[in-house]
>>> print(open('my_file34.txt').read())   # compact mmCIF, N, CA and C atoms
# COMPACT_ATOMS: atom_id res chain seq x y z
N GLN A 1 -10.68 26.33 20.04
CA GLN A 1 -9.42 25.73 19.64
C GLN A 1 -9.65 24.29 19.22
N VAL A 2 -9.15 23.94 18.05
CA VAL A 2 -9.33 22.60 17.52
C VAL A 2 -8.26 21.67 18.09
N GLN A 3 -8.71 20.52 18.57
CA GLN A 3 -7.78 19.50 19.02
C GLN A 3 -8.17 18.16 18.42
N LEU A 4 -7.17 17.45 17.93
CA LEU A 4 -7.35 16.10 17.40
C LEU A 4 -6.44 15.17 18.21
N VAL A 5 -7.02 14.14 18.79
CA VAL A 5 -6.24 13.24 19.63
C VAL A 5 -6.39 11.82 19.14
N GLU A 6 -5.29 11.25 18.66
CA GLU A 6 -5.30 9.89 18.15
C GLU A 6 -5.02 8.88 19.26
N SER A 7 -5.51 7.68 19.05
CA SER A 7 -5.23 6.57 19.95
C SER A 7 -5.40 5.27 19.17
N GLY A 8 -4.94 4.17 19.76
CA GLY A 8 -5.16 2.86 19.16
C GLY A 8 -3.96 2.26 18.46
N GLY A 9 -2.86 3.00 18.38
CA GLY A 9 -1.67 2.44 17.76
C GLY A 9 -1.07 1.34 18.61
N GLY A 10 -0.10 0.64 18.04
CA GLY A 10 0.56 -0.43 18.78
C GLY A 10 1.37 -1.30 17.86
N SER A 11 1.78 -2.44 18.38
CA SER A 11 2.58 -3.40 17.63
C SER A 11 1.73 -4.60 17.30
N VAL A 12 1.85 -5.09 16.08
CA VAL A 12 1.06 -6.23 15.63
C VAL A 12 1.87 -7.01 14.61
N GLN A 13 1.58 -8.27 14.48
CA GLN A 13 2.25 -9.08 13.47
C GLN A 13 1.58 -8.89 12.11
N ALA A 14 2.33 -9.15 11.08
CA ALA A 14 1.80 -9.06 9.72
C ALA A 14 0.54 -9.92 9.59
N GLY A 15 -0.45 -9.36 8.92
CA GLY A 15 -1.73 -10.03 8.77
C GLY A 15 -2.74 -9.65 9.84
N GLY A 16 -2.28 -8.97 10.87
CA GLY A 16 -3.16 -8.58 11.96
C GLY A 16 -3.93 -7.31 11.66
N SER A 17 -4.67 -6.86 12.68
CA SER A 17 -5.55 -5.70 12.53
C SER A 17 -5.36 -4.74 13.69
N LEU A 18 -5.63 -3.48 13.43
CA LEU A 18 -5.67 -2.45 14.45
C LEU A 18 -6.74 -1.45 14.07
N ARG A 19 -7.32 -0.79 15.07
CA ARG A 19 -8.24 0.30 14.80
C ARG A 19 -7.75 1.56 15.49
N LEU A 20 -7.50 2.57 14.70
CA LEU A 20 -7.09 3.87 15.22
C LEU A 20 -8.32 4.75 15.41
N SER A 21 -8.27 5.56 16.44
CA SER A 21 -9.34 6.52 16.71
C SER A 21 -8.77 7.93 16.76
N CYS A 22 -9.59 8.88 16.38
CA CYS A 22 -9.21 10.29 16.45
C CYS A 22 -10.39 11.07 16.99
N ALA A 23 -10.26 11.53 18.22
CA ALA A 23 -11.32 12.30 18.85
C ALA A 23 -11.08 13.79 18.60
N ALA A 24 -12.11 14.45 18.08
CA ALA A 24 -11.99 15.87 17.74
C ALA A 24 -12.76 16.72 18.73
N SER A 25 -12.16 17.85 19.07
CA SER A 25 -12.85 18.85 19.88
C SER A 25 -12.65 20.20 19.22
N GLY A 26 -13.67 21.06 19.33
CA GLY A 26 -13.60 22.35 18.68
C GLY A 26 -13.76 22.28 17.17
N TYR A 27 -14.21 21.15 16.68
CA TYR A 27 -14.35 20.94 15.24
C TYR A 27 -15.49 19.97 15.01
N THR A 28 -16.36 20.26 14.06
CA THR A 28 -17.50 19.40 13.75
C THR A 28 -17.18 18.55 12.54
N LEU A 29 -17.07 17.23 12.76
CA LEU A 29 -16.67 16.32 11.69
C LEU A 29 -17.55 16.43 10.46
N SER A 30 -18.84 16.55 10.66
CA SER A 30 -19.77 16.53 9.53
C SER A 30 -19.65 17.76 8.63
N SER A 31 -18.96 18.78 9.09
CA SER A 31 -18.85 20.00 8.29
C SER A 31 -17.53 20.10 7.54
N GLY A 32 -16.63 19.14 7.74
CA GLY A 32 -15.32 19.25 7.13
C GLY A 32 -14.86 17.96 6.50
N CYS A 33 -13.58 17.92 6.19
CA CYS A 33 -12.92 16.76 5.61
C CYS A 33 -11.97 16.20 6.66
N MET A 34 -12.09 14.92 6.95
CA MET A 34 -11.22 14.26 7.91
C MET A 34 -10.32 13.29 7.18
N GLY A 35 -9.09 13.19 7.63
CA GLY A 35 -8.17 12.30 6.94
C GLY A 35 -7.16 11.65 7.85
N TRP A 36 -6.50 10.65 7.31
CA TRP A 36 -5.39 9.98 7.98
C TRP A 36 -4.17 10.04 7.06
N PHE A 37 -3.05 10.38 7.64
CA PHE A 37 -1.76 10.36 6.97
C PHE A 37 -0.84 9.43 7.76
N ARG A 38 0.27 9.07 7.14
CA ARG A 38 1.29 8.32 7.86
C ARG A 38 2.66 8.76 7.40
N GLN A 39 3.61 8.56 8.29
CA GLN A 39 4.99 8.94 7.97
C GLN A 39 5.95 7.95 8.60
N ALA A 40 6.71 7.30 7.74
CA ALA A 40 7.74 6.38 8.20
C ALA A 40 9.07 7.14 8.27
N PRO A 41 10.00 6.69 9.10
CA PRO A 41 11.28 7.38 9.22
C PRO A 41 11.97 7.54 7.87
N GLY A 42 12.39 8.77 7.58
CA GLY A 42 13.08 9.04 6.33
C GLY A 42 12.17 9.28 5.15
N ASN A 43 10.87 9.11 5.37
CA ASN A 43 9.90 9.31 4.28
C ASN A 43 9.07 10.57 4.49
N GLU A 44 8.46 11.03 3.40
CA GLU A 44 7.54 12.16 3.52
C GLU A 44 6.20 11.68 4.09
N ARG A 45 5.47 12.62 4.62
CA ARG A 45 4.14 12.29 5.14
C ARG A 45 3.23 11.93 3.96
N GLU A 46 2.53 10.81 4.10
CA GLU A 46 1.77 10.23 3.00
C GLU A 46 0.29 10.19 3.35
N TRP A 47 -0.54 10.68 2.44
CA TRP A 47 -2.00 10.59 2.63
C TRP A 47 -2.43 9.14 2.54
N VAL A 48 -3.33 8.72 3.43
CA VAL A 48 -3.80 7.34 3.50
C VAL A 48 -5.28 7.25 3.11
N ALA A 49 -6.10 8.09 3.74
CA ALA A 49 -7.55 8.00 3.50
C ALA A 49 -8.20 9.29 3.97
N SER A 50 -9.39 9.57 3.42
CA SER A 50 -10.15 10.74 3.86
C SER A 50 -11.63 10.49 3.68
N ALA A 51 -12.42 11.28 4.43
CA ALA A 51 -13.87 11.16 4.39
C ALA A 51 -14.47 12.51 4.69
N TYR A 52 -15.69 12.76 4.17
CA TYR A 52 -16.37 14.02 4.48
C TYR A 52 -17.87 13.81 4.54
N GLY A 53 -18.54 14.83 5.06
CA GLY A 53 -19.98 14.78 5.21
C GLY A 53 -20.37 13.78 6.30
N SER A 54 -21.27 12.87 5.96
CA SER A 54 -21.70 11.85 6.91
C SER A 54 -20.65 10.78 7.11
N GLY A 55 -19.60 10.83 6.31
CA GLY A 55 -18.55 9.82 6.38
C GLY A 55 -18.68 8.77 5.30
N ASP A 56 -19.74 8.86 4.48
CA ASP A 56 -19.93 7.89 3.40
C ASP A 56 -19.05 8.19 2.20
N ASN A 57 -18.62 9.42 2.07
CA ASN A 57 -17.78 9.80 0.94
C ASN A 57 -16.32 9.60 1.33
N THR A 58 -15.75 8.51 0.86
CA THR A 58 -14.40 8.13 1.27
C THR A 58 -13.49 7.95 0.07
N ARG A 59 -12.22 8.14 0.32
CA ARG A 59 -11.19 7.90 -0.67
C ARG A 59 -9.98 7.29 0.01
N TYR A 60 -9.24 6.45 -0.75
CA TYR A 60 -8.12 5.73 -0.18
C TYR A 60 -6.92 5.77 -1.11
N ALA A 61 -5.75 5.74 -0.51
CA ALA A 61 -4.54 5.53 -1.29
C ALA A 61 -4.55 4.12 -1.83
N ASP A 62 -3.98 3.94 -3.00
CA ASP A 62 -3.97 2.61 -3.63
C ASP A 62 -3.29 1.57 -2.73
N SER A 63 -2.30 2.01 -1.96
CA SER A 63 -1.54 1.08 -1.14
C SER A 63 -2.35 0.48 0.00
N VAL A 64 -3.48 1.09 0.34
CA VAL A 64 -4.28 0.58 1.46
C VAL A 64 -5.69 0.19 1.05
N LYS A 65 -6.05 0.46 -0.19
CA LYS A 65 -7.41 0.18 -0.65
C LYS A 65 -7.73 -1.30 -0.49
N GLY A 66 -8.89 -1.58 0.08
CA GLY A 66 -9.30 -2.95 0.32
C GLY A 66 -8.84 -3.51 1.64
N ARG A 67 -7.91 -2.80 2.31
CA ARG A 67 -7.41 -3.27 3.61
C ARG A 67 -7.79 -2.31 4.74
N PHE A 68 -7.85 -1.02 4.44
CA PHE A 68 -8.15 -0.01 5.45
C PHE A 68 -9.55 0.55 5.18
N THR A 69 -10.22 0.93 6.27
CA THR A 69 -11.53 1.56 6.16
C THR A 69 -11.59 2.77 7.08
N ILE A 70 -11.92 3.92 6.52
CA ILE A 70 -12.12 5.12 7.31
C ILE A 70 -13.61 5.27 7.59
N SER A 71 -13.93 5.63 8.81
CA SER A 71 -15.32 5.85 9.17
C SER A 71 -15.38 6.93 10.24
N GLN A 72 -16.56 7.45 10.46
CA GLN A 72 -16.68 8.48 11.49
C GLN A 72 -18.01 8.36 12.19
N ASP A 73 -18.00 8.69 13.46
CA ASP A 73 -19.19 8.73 14.29
C ASP A 73 -19.41 10.19 14.63
N ASN A 74 -20.32 10.83 13.92
CA ASN A 74 -20.51 12.27 14.11
C ASN A 74 -21.07 12.60 15.49
N ALA A 75 -21.81 11.67 16.08
CA ALA A 75 -22.35 11.90 17.41
C ALA A 75 -21.22 11.96 18.45
N LYS A 76 -20.19 11.14 18.23
CA LYS A 76 -19.05 11.12 19.14
C LYS A 76 -17.93 12.04 18.66
N ASN A 77 -18.12 12.64 17.49
CA ASN A 77 -17.09 13.50 16.89
C ASN A 77 -15.74 12.78 16.82
N THR A 78 -15.80 11.55 16.37
CA THR A 78 -14.61 10.69 16.31
C THR A 78 -14.51 10.05 14.94
N VAL A 79 -13.31 10.01 14.40
CA VAL A 79 -13.05 9.34 13.14
C VAL A 79 -12.16 8.13 13.42
N TYR A 80 -12.36 7.08 12.67
CA TYR A 80 -11.64 5.82 12.88
C TYR A 80 -10.91 5.41 11.61
N LEU A 81 -9.88 4.62 11.80
CA LEU A 81 -9.20 3.97 10.69
C LEU A 81 -9.04 2.50 11.07
N GLN A 82 -9.87 1.65 10.47
CA GLN A 82 -9.76 0.21 10.69
C GLN A 82 -8.74 -0.34 9.71
N MET A 83 -7.70 -0.96 10.24
CA MET A 83 -6.62 -1.46 9.40
C MET A 83 -6.57 -2.98 9.53
N SER A 84 -6.66 -3.66 8.40
CA SER A 84 -6.63 -5.12 8.38
C SER A 84 -5.55 -5.57 7.42
N SER A 85 -5.23 -6.86 7.52
CA SER A 85 -4.19 -7.45 6.66
C SER A 85 -2.94 -6.58 6.65
N LEU A 86 -2.51 -6.18 7.82
CA LEU A 86 -1.39 -5.25 7.94
C LEU A 86 -0.09 -5.88 7.43
N LYS A 87 0.73 -5.03 6.84
CA LYS A 87 2.01 -5.44 6.28
C LYS A 87 3.13 -4.66 6.97
N PRO A 88 4.34 -5.20 6.96
CA PRO A 88 5.46 -4.46 7.56
C PRO A 88 5.62 -3.06 6.98
N GLU A 89 5.30 -2.89 5.71
CA GLU A 89 5.42 -1.57 5.08
C GLU A 89 4.36 -0.58 5.55
N ASP A 90 3.41 -1.03 6.34
CA ASP A 90 2.43 -0.12 6.95
C ASP A 90 2.99 0.53 8.22
N THR A 91 4.16 0.08 8.65
CA THR A 91 4.77 0.65 9.85
C THR A 91 5.06 2.12 9.67
N ALA A 92 4.53 2.95 10.57
CA ALA A 92 4.67 4.41 10.46
C ALA A 92 4.01 5.06 11.66
N MET A 93 4.25 6.36 11.78
CA MET A 93 3.45 7.19 12.68
C MET A 93 2.21 7.60 11.91
N TYR A 94 1.05 7.39 12.49
CA TYR A 94 -0.21 7.73 11.82
C TYR A 94 -0.79 8.99 12.44
N TYR A 95 -1.18 9.91 11.57
CA TYR A 95 -1.70 11.20 12.00
C TYR A 95 -3.12 11.40 11.51
N CYS A 96 -3.95 11.95 12.37
CA CYS A 96 -5.29 12.38 12.01
C CYS A 96 -5.21 13.85 11.60
N ALA A 97 -6.01 14.24 10.62
CA ALA A 97 -5.99 15.62 10.15
C ALA A 97 -7.38 16.07 9.76
N ALA A 98 -7.59 17.38 9.76
CA ALA A 98 -8.88 17.94 9.39
C ALA A 98 -8.67 19.19 8.54
N THR A 99 -9.60 19.41 7.63
CA THR A 99 -9.53 20.59 6.78
C THR A 99 -10.92 20.88 6.21
N SER A 100 -11.00 21.80 5.28
CA SER A 100 -12.29 22.16 4.69
C SER A 100 -12.83 21.01 3.85
N ALA A 101 -14.16 20.91 3.80
CA ALA A 101 -14.81 19.78 3.12
C ALA A 101 -14.41 19.69 1.65
N TRP A 102 -14.26 20.82 0.97
CA TRP A 102 -13.99 20.79 -0.47
C TRP A 102 -12.65 20.14 -0.79
N VAL A 103 -11.75 20.13 0.16
CA VAL A 103 -10.44 19.52 -0.08
C VAL A 103 -10.57 18.03 -0.34
N CYS A 104 -11.55 17.41 0.25
CA CYS A 104 -11.70 15.96 0.17
C CYS A 104 -11.88 15.46 -1.26
N VAL A 105 -12.43 16.31 -2.13
CA VAL A 105 -12.74 15.85 -3.48
C VAL A 105 -11.68 16.28 -4.49
N LEU A 106 -10.64 16.90 -4.03
CA LEU A 106 -9.59 17.38 -4.92
C LEU A 106 -8.28 16.62 -4.72
N ALA A 107 -7.47 16.63 -5.73
CA ALA A 107 -6.16 15.96 -5.64
C ALA A 107 -5.28 16.62 -4.58
N SER A 108 -5.59 17.85 -4.24
CA SER A 108 -4.80 18.55 -3.23
C SER A 108 -4.91 17.91 -1.86
N ARG A 109 -5.86 17.01 -1.67
CA ARG A 109 -5.98 16.35 -0.37
C ARG A 109 -4.72 15.51 -0.08
N LEU A 110 -3.97 15.17 -1.10
CA LEU A 110 -2.77 14.36 -0.92
C LEU A 110 -1.64 15.17 -0.28
N ARG A 111 -1.74 16.49 -0.34
CA ARG A 111 -0.65 17.34 0.15
C ARG A 111 -0.89 17.73 1.61
N PRO A 112 0.04 17.38 2.50
CA PRO A 112 -0.15 17.72 3.91
C PRO A 112 -0.39 19.20 4.15
N ARG A 113 0.20 20.08 3.37
CA ARG A 113 0.05 21.51 3.65
C ARG A 113 -1.35 22.02 3.36
N THR A 114 -2.18 21.18 2.70
CA THR A 114 -3.56 21.56 2.44
C THR A 114 -4.43 21.41 3.68
N TRP A 115 -3.94 20.66 4.65
CA TRP A 115 -4.72 20.34 5.84
C TRP A 115 -4.44 21.35 6.96
N ASP A 116 -5.52 21.73 7.67
CA ASP A 116 -5.41 22.81 8.65
C ASP A 116 -5.02 22.35 10.06
N TYR A 117 -5.51 21.18 10.45
CA TYR A 117 -5.33 20.74 11.83
C TYR A 117 -4.76 19.33 11.86
N TRP A 118 -3.92 19.09 12.87
CA TRP A 118 -3.24 17.80 12.97
C TRP A 118 -3.25 17.30 14.42
N GLY A 119 -3.31 15.98 14.55
CA GLY A 119 -3.11 15.35 15.84
C GLY A 119 -1.63 15.13 16.08
N GLN A 120 -1.33 14.55 17.23
CA GLN A 120 0.07 14.36 17.61
C GLN A 120 0.66 13.06 17.05
N GLY A 121 -0.20 12.19 16.56
CA GLY A 121 0.26 10.94 15.95
C GLY A 121 0.20 9.76 16.89
N THR A 122 0.06 8.58 16.31
CA THR A 122 0.09 7.33 17.07
C THR A 122 0.89 6.32 16.25
N GLN A 123 1.79 5.62 16.91
CA GLN A 123 2.72 4.73 16.22
C GLN A 123 2.09 3.38 15.93
N VAL A 124 2.28 2.92 14.70
CA VAL A 124 1.87 1.57 14.30
C VAL A 124 3.11 0.83 13.82
N THR A 125 3.36 -0.32 14.42
CA THR A 125 4.51 -1.14 14.04
C THR A 125 4.03 -2.52 13.67
N VAL A 126 4.36 -2.96 12.46
CA VAL A 126 3.95 -4.27 11.97
C VAL A 126 5.20 -5.11 11.75
N SER A 127 5.27 -6.23 12.44
CA SER A 127 6.44 -7.10 12.33
C SER A 127 6.13 -8.29 11.42
N SER A 128 7.17 -8.75 10.75
CA SER A 128 6.98 -9.87 9.81
C SER A 128 7.12 -11.20 10.50
>>> encode(input="my_file34.txt", output="structure tokens")
Amino acid sequence: QVQLVESGGGSVQAGGSLRLSCAASGYTLSSGCMGWFRQAPGNEREWVASAYGSGDNTRYADSVKGRFTISQDNAKNTVYLQMSSLKPEDTAMYYCAATSAWVCVLASRLRPRTWDYWGQGTQVTVSS
């Protein structure tokens, strides 16, 4: 049984940083595609970033490019999202997700229904 457990969310002022973690069990990070999504109240779930293989192959939404970094430690089976220069519009519930490796290189990675497994989410709140 695959389980994804996020941690590291919290409240921070604009310009600050947070690092989210997602610990996976029953799933091998190096064999699939790992991603982060976020969802603010009243909004659809939005793809943020994804990585596959050793974690060197990464992609980012334009809204976070240059500020967020996705990485993974395959030995710990954990994926991270380092968030810097946070803005109030980054406020959302952040979800870790996993799916087949081939999804990472296709535009379909943007669609939540393409992803097979989800964590329970961790809240990030950025105040101005």
>>> closest_residue(input="my_file34.txt", among="A:Asn74, A:Thr125, A:Thr99, A:Ser85", to="Trp36 of chain A", atoms="only C-alpha atoms")
A:Thr99
>>> residues_near_point(input="my_file34.txt", point="(-15.2, 21.7, 5.5)", cutoff="8 Å", atoms="only N, CA and C atoms", output="PyMOL selection string")
chain A and resi 28-34+52-53+98-104
>>> residues_around(input="my_file34.txt", residues="Gln3 of chain A", least_positions_apart="2", cutoff="9 Å", atoms="only C-alpha atoms", output="ChimeraX atom specification")
/A:1,5,23-27,117-119
>>> atom_distance(input="my_file34.txt", atom1="atom N of Gln123 of chain A", atom2="atom N of Arg67 of chain A")
19.4 Å
>>> closest_residue(input="my_file34.txt", among="A:Tyr60, A:Phe68, A:Tyr80, A:Tyr95", to="Trp115 of chain A", atoms="only C-alpha atoms")
A:Tyr95
>>> closest_residue(input="my_file34.txt", among="A:Ala51, A:Val124, A:Ala75, A:Ala61", to="Gly16 of chain A", atoms="only C-alpha atoms")
A:Val124
>>> residues_around(input="my_file34.txt", residues="Ser84 of chain A", least_positions_apart="6", cutoff="8 Å", atoms="only N, CA and C atoms", output="list in words")
Ala14, Gly15, Gly16, Ser17, Leu18, Arg19, Gly66, Arg67, Phe68 and Thr69 of chain A
>>> atom_distance(input="my_file34.txt", atom1="atom N of Val2 of chain A", atom2="atom N of Ala92 of chain A")
26.1 Å
